[in-house]
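What follows is the content of entry.cif, which has mmCIF, C-alpha atoms and all ligand atoms:
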data_coords
#
loop_
_atom_site.group_PDB
_atom_site.id
_atom_site.type_symbol
_atom_site.label_atom_id
_atom_site.label_comp_id
_atom_site.auth_asym_id
_atom_site.auth_seq_id
_atom_site.Cartn_x
_atom_site.Cartn_y
_atom_site.Cartn_z
ATOM 1 C CA MET A 1080 102.087 39.056 68.922
ATOM 2 C CA TYR A 1081 105.823 39.467 68.686
ATOM 3 C CA VAL A 1082 106.903 43.084 68.447
ATOM 4 C CA CYS A 1083 110.641 42.377 68.573
ATOM 5 C CA LEU A 1084 111.747 39.315 66.682
ATOM 6 C CA CYS A 1085 115.405 39.677 67.603
ATOM 7 C CA LYS A 1086 114.649 39.375 71.330
ATOM 8 C CA ALA A 1087 111.345 37.463 71.058
ATOM 9 C CA VAL A 1088 109.389 40.146 72.941
ATOM 10 C CA THR A 1089 105.608 40.219 72.707
ATOM 11 C CA ASP A 1090 103.201 43.150 72.912
ATOM 12 C CA ARG A 1091 101.998 41.757 76.247
ATOM 13 C CA GLN A 1092 105.512 41.822 77.694
ATOM 14 C CA LEU A 1093 105.880 45.369 76.415
ATOM 15 C CA ASP A 1094 102.606 46.441 78.056
ATOM 16 C CA GLU A 1095 103.586 44.771 81.329
ATOM 17 C CA ALA A 1096 106.963 46.522 81.363
ATOM 18 C CA ILE A 1097 105.299 49.882 80.700
ATOM 19 C CA GLU A 1098 102.787 49.228 83.482
ATOM 20 C CA ARG A 1099 105.690 48.453 85.833
ATOM 21 C CA GLY A 1100 107.096 51.891 85.087
ATOM 22 C CA ASP A 1101 109.379 51.527 82.093
ATOM 23 C CA ASP A 1102 108.551 54.876 80.521
ATOM 24 C CA SER A 1103 111.317 55.318 77.968
ATOM 25 C CA LEU A 1104 112.941 53.465 75.115
ATOM 26 C CA GLU A 1105 116.090 53.124 77.190
ATOM 27 C CA ALA A 1106 114.203 51.560 80.086
ATOM 28 C CA LEU A 1107 112.570 49.029 77.769
ATOM 29 C CA GLN A 1108 115.894 48.284 76.125
ATOM 30 C CA ASN A 1109 117.361 47.536 79.544
ATOM 31 C CA SER A 1110 114.465 45.454 80.847
ATOM 32 C CA LEU A 1111 113.380 43.574 77.724
ATOM 33 C CA GLY A 1112 116.152 44.076 75.217
ATOM 34 C CA VAL A 1113 113.819 45.505 72.597
ATOM 35 C CA ALA A 1114 115.449 47.581 69.886
ATOM 36 C CA THR A 1115 118.910 46.354 70.799
ATOM 37 C CA GLY A 1116 119.314 44.064 67.824
ATOM 38 C CA CYS A 1117 118.508 45.084 64.261
ATOM 39 C CA GLY A 1118 116.500 48.100 65.437
ATOM 40 C CA CYS A 1119 113.503 47.408 63.194
ATOM 41 C CA CYS A 1120 111.111 47.484 66.157
ATOM 42 C CA GLN A 1121 112.331 50.800 67.598
ATOM 43 C CA SER A 1122 109.718 53.014 65.926
ATOM 44 C CA PHE A 1123 106.941 50.643 67.027
ATOM 45 C CA VAL A 1124 108.199 50.657 70.615
ATOM 46 C CA GLU A 1125 108.374 54.457 70.623
ATOM 47 C CA GLN A 1126 104.845 54.719 69.209
ATOM 48 C CA HIS A 1127 103.624 52.217 71.791
ATOM 49 C CA LEU A 1128 105.162 54.320 74.567
ATOM 50 C CA GLU A 1129 103.413 57.441 73.243
ATOM 51 C CA HIS A 1130 100.128 55.556 73.059
ATOM 52 C CA ALA A 1131 100.579 54.255 76.607
ATOM 53 C CA GLY A 1132 101.121 57.826 77.799
ATOM 54 C CA CYS A 1133 97.884 58.948 76.141
ATOM 55 C CA MET A 1134 96.063 56.047 77.803
ATOM 56 C CA GLY A 1135 97.325 56.945 81.274
ATOM 57 C CA ASN A 1136 100.006 54.263 81.134
ATOM 58 C CA ASN A 1137 97.338 51.606 80.648
ATOM 59 C CA ALA A 1138 97.484 50.690 76.990
ATOM 60 C CA SER A 1139 94.862 48.038 76.606
ATOM 61 C CA GLN A 1140 94.770 48.250 72.824
ATOM 62 C CA PRO A 1141 98.111 47.347 71.273
ATOM 63 C CA LEU A 1142 99.273 49.116 68.186
ATOM 64 C CA TYR A 1143 100.210 46.809 65.373
ATOM 65 C CA TYR A 1144 103.513 47.013 63.660
ATOM 66 C CA ALA A 1145 103.295 47.455 59.915
ATOM 67 C CA ALA A 1146 106.526 46.460 58.276
ATOM 68 C CA GLY A 1147 107.792 48.610 55.483
HETATM 69 S S1 LIG B 1201 113.171 43.314 65.877
HETATM 70 FE FE1 LIG B 1201 113.654 44.344 67.709
HETATM 71 S S2 LIG B 1201 115.799 44.654 67.584
HETATM 72 FE FE2 LIG B 1201 115.342 43.491 65.807
#
Can you dump the structure from the file as C-alpha cells?
Amino acid sequence: MYVCLCKAVTDRQLDEAIERGDDSLEALQNSLGVATGCGCCQSFVEQHLEHAGCMGNNASQPLYYAAG
C-alpha cells in the first residue's frame, strides 16, 4: 500500500527503513523522501514511527492511513 503518493513510498519500504534504523521523521525524509512533498502523509509516518517503537522497532502490522 502506498503511504506517500508524492514519492511513491509503500508501507513495506517504510517498515524496512525503520528496521534499518531510521527512527525519526527526518531520517525517513532523508532516506525515502516521505513527507517532503505535499505533507499529507506526515501524520501517518509519525504514527507509524510511534507504533514501531511500541513494537520494539518491528512493526509487522501496518497502520492504515485514513484520509480526511
Ligand atoms: S503524500 Fe507524502 S508528501 Fe505528499
Proximity to ligand LIG 1201 (chain B) - best of A:Ser1103, A:Ala1096, A:Lys1086, A:Ser1122, all atoms listed in the file: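 Nearest to ligand LIG 1201 (chain B): A:Lys1086.
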Can you turn the PyMOL selection byres (((chain A and resi 1081) around 12) and not hetatm) into a concrete residue list for this file, as a VMD selection string? chain A and resid 1080 1082 to 1093 1113 1120 1123 to 1124 1141 to 1144
What gap, in Å, lies between atom S2 of ligand LIG 1201 (chain B) and atom CA of A:Gly1100?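 Spanning atom S2 of ligand LIG 1201 (chain B) to atom CA of A:Gly1100 is a straight-line distance of 20.8 Å.
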Counting all atoms listed in the file, which residue out of A:Cys1119, A:Ala1131, A:Leu1107, A:Gln1126 sits closest to ligand LIG 1201 (chain B)?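 For ligand LIG 1201 (chain B), the nearest of the candidates is A:Cys1119.
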Go ahead and fit an axis-aligned box to every listed atom of ligand LIG 1201 (chain B) plus 4 Å each side, and pass me the centre and edge lengths in Å, one decimal, as AutoDock Vina command-line options.
--center_x 114.5 --center_y 44.0 --center_z 66.8 --size_x 10.6 --size_y 9.3 --size_z 9.9
Atom S1 of ligand LIG 1201 (chain B) and atom CA of A:Gln1108, how far apart in Å?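 Distance between the two atoms: 11.7 Å.
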Between A:Leu1128, A:Ala1114, A:Leu1104, A:Ile1097, which has the minimum distance to ligand LIG 1201 (chain B) (counting all atoms listed in the file)? A:Ala1114
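Taking atom CA of A:Cys1117 as the reference point, atom CA of A:Gly1132 is found at 25.5 Å.
Take the candidates A:Gly1116, A:Glu1095, A:Glu1105, A:Glu1125 and check each one against ligand LIG 1201 (chain B) using all atoms listed in the file; the shortest distance goes to A:Gly1116.
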Would you kindly place N, CA and C atoms on stretch 1099-1123 of chain A and return the model as a PDB file, in the frame of the given file?
ATOM      1  N   ARG A1099     104.774  48.502  84.679  1.00  0.00           N
ATOM      2  CA  ARG A1099     105.690  48.453  85.833  1.00  0.00           C
ATOM      3  C   ARG A1099     106.482  49.744  85.971  1.00  0.00           C
ATOM      4  N   GLY A1100     106.426  50.604  84.953  1.00  0.00           N
ATOM      5  CA  GLY A1100     107.096  51.891  85.087  1.00  0.00           C
ATOM      6  C   GLY A1100     108.177  52.176  84.064  1.00  0.00           C
ATOM      7  N   ASP A1101     108.415  51.249  83.154  1.00  0.00           N
ATOM      8  CA  ASP A1101     109.379  51.527  82.093  1.00  0.00           C
ATOM      9  C   ASP A1101     108.752  52.550  81.155  1.00  0.00           C
ATOM     10  N   ASP A1102     109.221  53.792  81.244  1.00  0.00           N
ATOM     11  CA  ASP A1102     108.551  54.876  80.521  1.00  0.00           C
ATOM     12  C   ASP A1102     109.430  55.502  79.444  1.00  0.00           C
ATOM     13  N   SER A1103     110.459  54.793  79.028  1.00  0.00           N
ATOM     14  CA  SER A1103     111.317  55.318  77.968  1.00  0.00           C
ATOM     15  C   SER A1103     111.861  54.155  77.142  1.00  0.00           C
ATOM     16  N   LEU A1104     112.334  54.496  75.959  1.00  0.00           N
ATOM     17  CA  LEU A1104     112.941  53.465  75.115  1.00  0.00           C
ATOM     18  C   LEU A1104     114.119  52.826  75.835  1.00  0.00           C
ATOM     19  N   GLU A1105     114.912  53.638  76.498  1.00  0.00           N
ATOM     20  CA  GLU A1105     116.090  53.124  77.190  1.00  0.00           C
ATOM     21  C   GLU A1105     115.698  52.137  78.291  1.00  0.00           C
ATOM     22  N   ALA A1106     114.649  52.452  79.013  1.00  0.00           N
ATOM     23  CA  ALA A1106     114.203  51.560  80.086  1.00  0.00           C
ATOM     24  C   ALA A1106     113.751  50.217  79.517  1.00  0.00           C
ATOM     25  N   LEU A1107     113.047  50.263  78.395  1.00  0.00           N
ATOM     26  CA  LEU A1107     112.570  49.029  77.769  1.00  0.00           C
ATOM     27  C   LEU A1107     113.721  48.247  77.147  1.00  0.00           C
ATOM     28  N   GLN A1108     114.702  48.960  76.648  1.00  0.00           N
ATOM     29  CA  GLN A1108     115.894  48.284  76.125  1.00  0.00           C
ATOM     30  C   GLN A1108     116.601  47.541  77.254  1.00  0.00           C
ATOM     31  N   ASN A1109     116.678  48.155  78.406  1.00  0.00           N
ATOM     32  CA  ASN A1109     117.361  47.536  79.544  1.00  0.00           C
ATOM     33  C   ASN A1109     116.574  46.358  80.116  1.00  0.00           C
ATOM     34  N   SER A1110     115.252  46.501  80.191  1.00  0.00           N
ATOM     35  CA  SER A1110     114.465  45.454  80.847  1.00  0.00           C
ATOM     36  C   SER A1110     114.121  44.303  79.915  1.00  0.00           C
ATOM     37  N   LEU A1111     113.828  44.617  78.649  1.00  0.00           N
ATOM     38  CA  LEU A1111     113.380  43.574  77.724  1.00  0.00           C
ATOM     39  C   LEU A1111     114.365  43.295  76.596  1.00  0.00           C
ATOM     40  N   GLY A1112     115.215  44.245  76.327  1.00  0.00           N
ATOM     41  CA  GLY A1112     116.152  44.076  75.217  1.00  0.00           C
ATOM     42  C   GLY A1112     115.604  44.500  73.880  1.00  0.00           C
ATOM     43  N   VAL A1113     114.388  45.077  73.879  1.00  0.00           N
ATOM     44  CA  VAL A1113     113.819  45.505  72.597  1.00  0.00           C
ATOM     45  C   VAL A1113     114.708  46.569  71.965  1.00  0.00           C
ATOM     46  N   ALA A1114     114.706  46.579  70.653  1.00  0.00           N
ATOM     47  CA  ALA A1114     115.449  47.581  69.886  1.00  0.00           C
ATOM     48  C   ALA A1114     116.941  47.589  70.207  1.00  0.00           C
ATOM     49  N   THR A1115     117.466  46.448  70.567  1.00  0.00           N
ATOM     50  CA  THR A1115     118.910  46.354  70.799  1.00  0.00           C
ATOM     51  C   THR A1115     119.576  45.427  69.789  1.00  0.00           C
ATOM     52  N   GLY A1116     118.758  44.917  68.864  1.00  0.00           N
ATOM     53  CA  GLY A1116     119.314  44.064  67.824  1.00  0.00           C
ATOM     54  C   GLY A1116     119.363  44.825  66.518  1.00  0.00           C
ATOM     55  N   CYS A1117     118.504  44.451  65.583  1.00  0.00           N
ATOM     56  CA  CYS A1117     118.508  45.084  64.261  1.00  0.00           C
ATOM     57  C   CYS A1117     117.933  46.498  64.300  1.00  0.00           C
ATOM     58  N   GLY A1118     117.089  46.765  65.306  1.00  0.00           N
ATOM     59  CA  GLY A1118     116.500  48.100  65.437  1.00  0.00           C
ATOM     60  C   GLY A1118     115.200  48.288  64.692  1.00  0.00           C
ATOM     61  N   CYS A1119     114.732  47.270  63.986  1.00  0.00           N
ATOM     62  CA  CYS A1119     113.503  47.408  63.194  1.00  0.00           C
ATOM     63  C   CYS A1119     112.275  47.710  64.055  1.00  0.00           C
ATOM     64  N   CYS A1120     112.279  47.299  65.295  1.00  0.00           N
ATOM     65  CA  CYS A1120     111.111  47.484  66.157  1.00  0.00           C
ATOM     66  C   CYS A1120     111.129  48.820  66.899  1.00  0.00           C
ATOM     67  N   GLN A1121     112.187  49.591  66.777  1.00  0.00           N
ATOM     68  CA  GLN A1121     112.331  50.800  67.598  1.00  0.00           C
ATOM     69  C   GLN A1121     111.177  51.783  67.403  1.00  0.00           C
ATOM     70  N   SER A1122     110.788  52.035  66.158  1.00  0.00           N
ATOM     71  CA  SER A1122     109.718  53.014  65.926  1.00  0.00           C
ATOM     72  C   SER A1122     108.409  52.505  66.516  1.00  0.00           C
ATOM     73  N   PHE A1123     108.156  51.194  66.430  1.00  0.00           N
ATOM     74  CA  PHE A1123     106.941  50.643  67.027  1.00  0.00           C
ATOM     75  C   PHE A1123     106.959  50.839  68.538  1.00  0.00           C
TER      76      PHE A1123
END
